[in-house]
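**Student:** You'll find run24.cif just under this line, and it carries mmCIF, C-alpha atoms.
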```cif
data_work
loop_
_atom_site.label_atom_id
_atom_site.label_comp_id
_atom_site.auth_asym_id
_atom_site.auth_seq_id
_atom_site.Cartn_x
_atom_site.Cartn_y
_atom_site.Cartn_z
CA MET W 1 -21.38 11.16 2.94
CA VAL W 2 -19.79 13.23 0.19
CA ALA W 3 -20.36 16.40 2.23
CA LEU W 4 -18.78 14.72 5.25
CA ILE W 5 -15.76 13.72 3.17
CA ASP W 6 -15.42 17.34 2.04
CA ILE W 7 -15.47 18.55 5.64
CA CYS W 8 -12.92 15.93 6.75
CA VAL W 9 -10.62 16.80 3.83
CA LYS W 10 -10.92 20.49 4.61
CA ASN W 11 -10.08 19.98 8.30
CA ASN W 12 -7.57 17.11 7.83
CA ASN W 13 -9.72 15.05 10.21
CA THR W 14 -8.92 11.36 9.81
CA VAL W 15 -10.59 10.21 13.05
CA ALA W 16 -14.07 11.28 11.95
CA LEU W 17 -13.40 10.03 8.43
CA ARG W 18 -12.46 6.54 9.63
CA GLU W 19 -15.42 6.20 11.98
CA ASN W 20 -17.99 7.44 9.48
CA LEU W 21 -16.60 5.47 6.54
CA GLN W 22 -16.78 2.27 8.54
CA ASN W 23 -20.35 2.99 9.62
CA PHE W 24 -21.27 3.83 6.04
CA ARG W 25 -19.68 0.61 4.79
CA ASN W 26 -21.50 -1.48 7.40
CA LEU W 27 -24.81 0.00 6.31
CA PHE W 28 -24.41 0.01 2.54
CA GLN W 29 -22.38 -3.12 1.79
CA HIS W 30 -25.64 -5.04 2.21
CA ALA W 31 -27.87 -2.48 0.50
CA SER W 32 -26.04 -0.81 -2.37
CA MET W 33 -22.54 -1.72 -3.48
CA PRO W 34 -22.43 0.83 -6.36
CA LEU W 35 -23.15 3.65 -3.89
CA LEU W 36 -20.34 2.43 -1.63
CA GLU W 37 -18.03 2.26 -4.63
CA SER W 38 -18.90 5.78 -5.78
CA VAL W 39 -18.22 7.20 -2.31
CA PHE W 40 -14.80 5.53 -2.14
CA LYS W 41 -13.98 6.70 -5.67
CA TYR W 42 -14.88 10.24 -4.64
CA LEU W 43 -12.65 9.99 -1.56
CA ILE W 44 -9.74 8.67 -3.64
CA LYS W 45 -10.23 11.50 -6.14
CA GLU W 46 -10.24 14.13 -3.39
CA ASN W 47 -7.22 12.56 -1.72
CA ASN W 48 -5.27 12.55 -4.99
CA LYS W 49 -6.16 16.21 -5.41
CA ILE W 50 -4.44 16.96 -2.08
CA LEU W 51 -1.19 15.39 -3.25
CA ALA W 52 -1.39 17.02 -6.67
CA GLU W 53 -1.91 20.38 -4.99
CA ILE W 54 1.06 19.91 -2.67
CA GLU W 55 3.27 18.73 -5.52
CA LYS W 56 2.27 21.71 -7.63
CA LYS W 57 2.73 24.22 -4.83
CA GLU W 58 5.82 22.90 -3.09
CA GLY W 59 7.51 20.81 -5.76
CA SER W 60 8.49 17.19 -5.41
CA GLU W 61 11.99 18.04 -4.17
CA ARG W 62 10.54 19.73 -1.11
CA ILE W 63 8.37 16.69 -0.34
CA THR W 64 11.35 14.38 -0.83
CA LEU W 65 13.33 16.49 1.63
CA LEU W 66 10.50 16.27 4.13
CA MET W 67 9.61 12.61 3.71
CA SER W 68 12.80 10.86 2.71
CA ASP W 69 14.57 8.80 5.39
CA ASP W 70 17.91 9.40 3.67
CA THR W 71 17.68 13.18 3.92
CA THR W 72 16.10 13.51 7.36
CA ASN W 73 17.06 17.01 8.42
CA SER W 74 17.86 18.35 11.83
CA VAL W 75 14.37 19.70 12.55
CA MET P 76 3.42 28.77 15.35
CA PHE P 77 2.97 28.86 19.14
CA GLN P 78 0.52 31.09 21.00
CA SER P 79 2.18 33.30 23.59
CA GLY P 80 3.07 31.32 26.69
CA GLU P 81 2.36 27.97 24.98
CA ALA P 82 5.89 26.95 24.04
CA THR P 83 7.91 24.96 26.54
CA ALA P 84 11.56 25.65 27.28
CA GLU P 85 12.57 22.64 25.12
CA GLN P 86 10.54 23.92 22.17
CA LEU P 87 12.06 27.39 22.47
CA MET P 88 15.56 25.86 22.49
CA LEU P 89 14.66 23.77 19.43
CA ILE P 90 13.49 26.89 17.59
CA ALA P 91 16.66 28.73 18.58
CA TYR P 92 18.89 25.98 17.21
CA CYS P 93 17.17 25.27 13.92
CA ASP P 94 15.92 27.16 10.93
CA LEU P 95 12.59 28.72 11.92
CA ASP P 96 11.35 29.08 8.33
CA GLU P 97 12.06 25.42 7.75
CA LEU P 98 10.12 24.50 10.88
CA MET P 99 7.16 26.66 9.88
CA GLU P 100 7.10 25.16 6.36
CA ARG P 101 7.23 21.66 7.77
CA ASN P 102 4.37 22.38 10.16
CA LYS P 103 2.24 23.55 7.23
CA LEU P 104 3.03 20.68 4.88
CA GLN P 105 3.27 17.71 7.22
CA PRO P 106 -0.43 17.56 8.29
CA LYS P 107 -1.56 17.49 4.66
CA ILE P 108 0.82 14.67 3.75
CA ASN P 109 -0.15 12.79 6.89
CA PHE P 110 -3.82 13.17 5.97
CA PHE P 111 -3.12 11.90 2.45
CA LEU P 112 -1.32 8.81 3.80
CA GLU P 113 -3.79 8.16 6.60
CA THR P 114 -6.81 8.40 4.27
CA TYR P 115 -5.40 5.71 2.00
CA LYS P 116 -4.74 3.51 5.04
CA ILE P 117 -8.36 4.01 6.14
CA ILE P 118 -9.54 2.98 2.66
CA LEU P 119 -7.38 -0.15 2.85
CA ASP P 120 -8.73 -1.03 6.31
CA THR P 121 -12.33 -0.46 5.26
CA LEU P 122 -12.17 -2.43 2.01
CA ARG P 123 -9.87 -5.26 3.03
CA GLN P 124 -12.59 -7.93 3.14
CA ASN P 125 -14.70 -6.84 0.21
CA SER P 126 -14.14 -8.86 -2.96
CA ARG P 127 -16.33 -6.52 -5.06
CA LEU P 128 -14.17 -3.48 -4.33
CA MET P 129 -10.78 -5.14 -4.59
CA GLU P 130 -9.78 -2.93 -7.51
CA LEU P 131 -10.18 0.15 -5.33
CA TYR P 132 -8.19 -1.60 -2.60
CA ASN P 133 -5.41 -2.41 -5.07
CA THR P 134 -5.41 1.13 -6.50
CA SER P 135 -5.13 2.62 -3.01
CA ALA P 136 -2.33 0.26 -1.98
CA GLU P 137 -0.38 0.93 -5.18
CA LYS P 138 -0.84 4.69 -4.78
CA LEU P 139 0.57 4.51 -1.23
CA LEU P 140 3.49 2.31 -2.26
CA SER P 141 4.31 4.47 -5.27
CA PHE P 142 4.23 7.60 -3.07
CA CYS P 143 6.69 6.01 -0.62
CA THR P 144 8.93 4.87 -3.48
CA LYS P 145 8.84 8.25 -5.23
CA TYR P 146 9.73 10.17 -2.06
CA LYS P 147 12.05 7.47 -0.67
CA CYS P 148 10.31 7.07 2.70
CA LYS P 149 11.30 3.56 3.75
CA LYS P 150 9.73 3.70 7.22
CA GLU P 151 6.33 4.59 5.79
CA PHE P 152 6.74 1.94 3.09
CA LEU P 153 7.39 -0.71 5.75
CA LYS P 154 4.31 0.39 7.69
CA VAL P 155 2.10 0.14 4.60
CA SER P 156 3.65 -3.18 3.70
CA GLU P 157 2.99 -4.50 7.21
CA VAL P 158 -0.67 -3.45 6.89
CA LEU P 159 -0.93 -5.34 3.58
CA HIS P 160 0.67 -8.44 5.11
CA GLN P 161 -1.77 -8.30 8.04
CA HIS P 162 -4.73 -8.01 5.68
CA PHE P 163 -3.56 -11.08 3.80
CA GLN P 164 -3.17 -12.99 7.07
CA HIS P 165 -6.78 -12.06 7.93
CA ILE P 166 -7.90 -13.49 4.58
CA GLN P 167 -5.97 -16.70 5.29
CA LYS P 168 -7.53 -16.96 8.75
CA ALA P 169 -10.99 -16.34 7.31
CA ALA P 170 -10.42 -19.14 4.80
CA LYS P 171 -10.06 -21.54 7.72
CA GLN P 172 -13.38 -20.42 9.26
CA PRO P 173 -15.68 -19.88 6.24
CA ASP P 174 -18.99 -20.09 8.14
CA LEU P 175 -18.03 -17.33 10.55
CA ILE P 176 -17.20 -14.87 7.76
CA ASN P 177 -20.09 -15.77 5.44
CA ASN P 178 -22.64 -14.69 8.04
CA LYS P 179 -21.12 -11.25 8.63
CA ILE P 180 -19.73 -10.02 5.30
CA PRO P 181 -21.80 -10.00 2.10
CA TYR P 182 -18.91 -10.36 -0.40
CA PRO P 183 -15.87 -11.77 1.41
CA VAL P 184 -12.49 -12.30 -0.28
CA ARG P 185 -12.18 -16.06 -0.78
CA LEU P 186 -8.93 -17.82 -1.65
CA THR P 187 -10.95 -20.38 -3.58
CA ASP P 188 -12.25 -17.68 -5.92
CA GLU P 189 -10.06 -17.48 -9.06
CA GLU P 190 -10.75 -13.80 -9.74
CA ALA P 191 -10.04 -12.74 -6.16
CA THR P 192 -6.79 -14.75 -6.11
CA SER P 193 -5.75 -13.15 -9.37
CA LYS P 194 -6.32 -9.63 -8.00
CA LEU P 195 -4.49 -10.49 -4.76
CA LEU P 196 -1.59 -11.80 -6.81
CA ASP P 197 -1.47 -8.67 -9.00
CA MET P 198 -1.30 -6.49 -5.91
CA ARG P 199 1.46 -8.56 -4.30
CA GLN P 200 3.50 -8.55 -7.51
CA ALA P 201 3.32 -4.76 -7.58
CA GLN P 202 4.26 -4.69 -3.88
CA LEU P 203 7.30 -6.89 -4.57
CA GLU P 204 8.41 -4.64 -7.45
CA TYR P 205 8.17 -1.55 -5.24
CA ALA P 206 10.05 -3.28 -2.40
CA LEU P 207 12.84 -4.19 -4.82
CA LYS P 208 12.97 -0.61 -6.10
CA MET P 209 13.32 0.57 -2.49
CA ASP P 210 16.03 -2.05 -1.73
CA LEU P 211 13.92 -3.43 1.13
CA TRP P 212 15.09 -6.99 0.68
CA SER P 213 13.58 -8.63 3.77
CA ASP P 214 10.18 -7.16 3.00
CA ALA P 215 10.54 -8.26 -0.63
CA PHE P 216 11.27 -11.81 0.57
CA ARG P 217 8.20 -11.73 2.83
CA THR P 218 6.04 -10.59 -0.08
CA SER P 219 7.51 -13.30 -2.31
CA GLU P 220 6.32 -15.91 0.23
CA THR P 221 2.78 -14.57 -0.17
CA ILE P 222 3.15 -14.64 -3.96
CA PHE P 223 4.36 -18.26 -3.83
CA PHE P 224 1.32 -19.18 -1.70
CA LEU P 225 -1.00 -17.52 -4.24
CA ILE P 226 0.78 -19.04 -7.27
CA ASN P 227 0.20 -22.50 -5.83
CA ARG P 228 -3.53 -21.78 -5.76
CA ARG P 229 -3.64 -20.77 -9.42
CA ASP P 230 -4.20 -22.95 -12.46
CA LYS P 231 -0.83 -24.27 -13.70
CA HIS P 232 -1.47 -23.25 -17.35
CA ASP P 233 -1.73 -19.51 -16.95
CA ILE P 234 1.09 -18.82 -14.50
CA LYS P 235 4.09 -19.05 -16.84
CA GLN P 236 4.59 -15.30 -17.08
CA ILE P 237 4.03 -14.87 -13.33
CA LEU P 238 6.60 -17.58 -12.59
CA GLU P 239 9.12 -15.93 -14.94
CA GLN P 240 8.82 -12.64 -13.06
CA PHE P 241 8.78 -14.43 -9.72
CA PHE P 242 12.00 -16.37 -10.27
CA GLY P 243 13.68 -13.27 -11.73
CA HIS P 244 12.86 -11.36 -8.54
CA MET P 245 13.87 -14.28 -6.31
CA ALA P 246 17.24 -14.46 -8.07
CA ARG P 247 17.80 -10.78 -7.26
CA ILE P 248 16.79 -11.22 -3.60
CA PHE P 249 19.03 -14.28 -3.08
CA TRP P 250 21.94 -12.57 -4.83
CA LYS P 251 21.64 -9.60 -2.49
CA SER P 252 21.38 -11.84 0.60
CA GLY P 253 24.50 -13.78 -0.43
CA ASN P 254 22.64 -17.07 -0.91
CA THR P 255 24.36 -17.92 -4.18
CA LEU P 256 23.04 -21.49 -4.20
CA PHE P 257 19.41 -20.34 -4.04
CA HIS P 258 20.22 -17.56 -6.52
CA THR P 259 21.46 -20.19 -8.98
CA TYR P 260 18.43 -22.39 -8.32
CA ALA P 261 16.07 -19.47 -9.03
CA LEU P 262 17.91 -18.70 -12.29
CA GLN P 263 17.83 -22.39 -13.24
CA ASN P 264 14.07 -22.44 -12.76
CA LEU P 265 13.76 -19.27 -14.82
CA LEU P 266 15.84 -20.81 -17.60
CA LYS P 267 13.69 -23.95 -17.51
CA ILE P 268 10.50 -21.91 -17.96
CA VAL P 269 11.98 -19.80 -20.77
CA ARG P 270 13.24 -22.93 -22.60
CA GLN P 271 9.85 -24.64 -22.26
CA SER P 272 8.03 -21.63 -23.65
CA ASN P 273 10.56 -21.33 -26.54
CA MET P 274 10.12 -25.02 -27.41
CA LYS P 275 6.35 -24.62 -27.48
CA THR P 276 6.67 -21.57 -29.75
CA ALA P 277 9.00 -23.50 -32.10
CA ASP P 278 6.53 -26.41 -32.27
#
```
Can I see the file as structure tokens?
**Tutor:**
Amino acid sequence: MVALIDICVKNNNTVALRENLQNFRNLFQHASMPLLESVFKYLIKENNKILAEIEKKEGSERITLLMSDDTTNSV
Amino acid sequence: MFQSGEATAEQLMLIAYCDLDELMERNKLQPKINFFLETYKIILDTLRQNSRLMELYNTSAEKLLSFCTKYKCKKEFLKVSEVLHQHFQHIQKAAKQPDLINNKIPYPVRLTDEEATSKLLDMRQAQLEYALKMDLWSDAFRTSETIFFLINRRDKHDIKQILEQFFGHMARIFWKSGNTLFHTYALQNLLKIVRQSNMKTAD
């Protein structure tokens, strides 16, 4: 599952991530809750890394310009 | 950005009339941000009925809300907030049909469970704070209704601090909406709680 998360993160593939996470949850919520927890913690950690990387590379002003509804540009 | 022959006439006109560098930068950055947001939404959807992993659910929701607040994206904030409201409605529905849920989910979120209610309340309080920071008053009011519902399910002894915060926030919402009577009533309630707690401290 961790390898699959890595692939999805690398390819920005949310469709596969959603489907597989739900299947994984359905299987392991009955069998092993700590395993389920560790997988979700790993996903959260990887996801936070993405934001940290963007913030470091582009700067928060750039993200604000892109995301903010107040400063929606002409593009 | 486009392979040769792929761009339509409209796209070519768009490129001609806007900053190409800006467009290229946006096309690089946007998918990553979208993935970041979408992944957290997936986590929320997947964990919404699991009482054992509610802390992860709360962390994910707070991360999303704080991102929207930090980068001032109100539309995204409203979408996330709507998702959280829907999840709470599902929990309320499930509470009405306990047998149906018990058979399918191993650790469902129950409104009768004190710990689960406490975690739900913590999340909604954070949601209300973020909504107030974003000046999204109608969403803040909607969240406050959920908080009121959850407060009523809690033990009366340990909700003093929650009520203080709640009435403080309600006063702000009613002031902004022009409901001065309700604003005054909220402040009166706040004053009552503060006086009661001061009297107890003095005793």
**Student:** Env of Ile63 (chain W): 10 Å cut, atoms = only C-alpha atoms, seq-sep filter 5 positions within chain, self excluded. Answer as a list in words.
**Tutor:**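 The contact residues come out as Ile54, Glu55, Glu58 and Ser68 of chain W; Arg101, Leu104, Gln105, Ile108, Lys145, Tyr146 and Lys147 of chain P.
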**Student:** Restricted to C-alpha atoms, what would the selected residues look like written as a CSV table (one decimal), keeping the file's coordinate frame?
**Tutor:**
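Wrote again-v3.csv, looks like this:
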```
chain,number,residue,atom,x,y,z
W,54,ILE,CA,1.1,19.9,-2.7
W,55,GLU,CA,3.3,18.7,-5.5
W,58,GLU,CA,5.8,22.9,-3.1
W,68,SER,CA,12.8,10.9,2.7
P,101,ARG,CA,7.2,21.7,7.8
P,104,LEU,CA,3.0,20.7,4.9
P,105,GLN,CA,3.3,17.7,7.2
P,108,ILE,CA,0.8,14.7,3.8
P,145,LYS,CA,8.8,8.2,-5.2
P,146,TYR,CA,9.7,10.2,-2.1
P,147,LYS,CA,12.0,7.5,-0.7
```
**Student:** Which residues of chain P are close to chain W, meaning at most 7 Å apart when you count only C-alpha atoms, and how do they look as a PyMOL selection string?
**Tutor:** chain P and resi 93+98+107+110-111+113-114+117+121+128+146-149+181
**Student:** Given the PyMOL selection byres ((chain P and resi 242-250) around 7) and the file above, list the residues it selects as a VMD selection string.
**Tutor:** chain P and resid 212 216 238 to 241 251 to 255 257 to 258 261 to 262 264 to 265
**Student:** Which residue is closest to Phe28 (chain W)? Choose from P:Leu186, P:Ile180, P:Leu266, P:Ala191 and count all atoms listed in the file.
**Tutor:** P:Ile180
**Student:** Using Å and a single decimal, report how far CA of Glu190 (chain P) sits from CA of Val158 (chain P).
**Tutor:**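 We find that CA of Val158 (chain P) and CA of Glu190 (chain P) lie 22.0 Å from each other.
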**Student:** With distances taken over all atoms listed in the file, which residue among P:Lys235, P:Glu151, P:Leu131, P:Lys179 lies nearest Ser38 (chain W)?
**Tutor:** P:Leu131
**Student:** Do you know which residues the PyMOL selection byres ((chain P and resi 197-199) around 12) returns on this file, as an NGL selection string?
**Tutor:** :P and (129-138 or 140 or 156 or 159-160 or 162-163 or 190-196 or 200-206 or 214-226 or 234 or 237 or 240-241)
**Student:** Rounded to one decimal place, report the CA of Ile118 (chain P)-CA of Pro183 (chain P) distance in Å.
**Tutor:** 16.1 Å
**Student:** Apply the PyMOL selection byres ((chain W and resi 2) around 9) to the structure shown and report the selected residues as a list in words.
**Tutor:**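 With the shown file as input, the PyMOL selection byres ((chain W and resi 2) around 9) matches Met1, Ala3, Leu4, Ile5, Asp6, Ile7, Val39, Tyr42 and Leu43 of chain W.
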**Student:** For a test of reading the model, state the distance in Å between CA of Ile166 (chain P) and CA of Arg185 (chain P), rounded to one decimal.
**Tutor:**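 So the answer is 7.3 Å.
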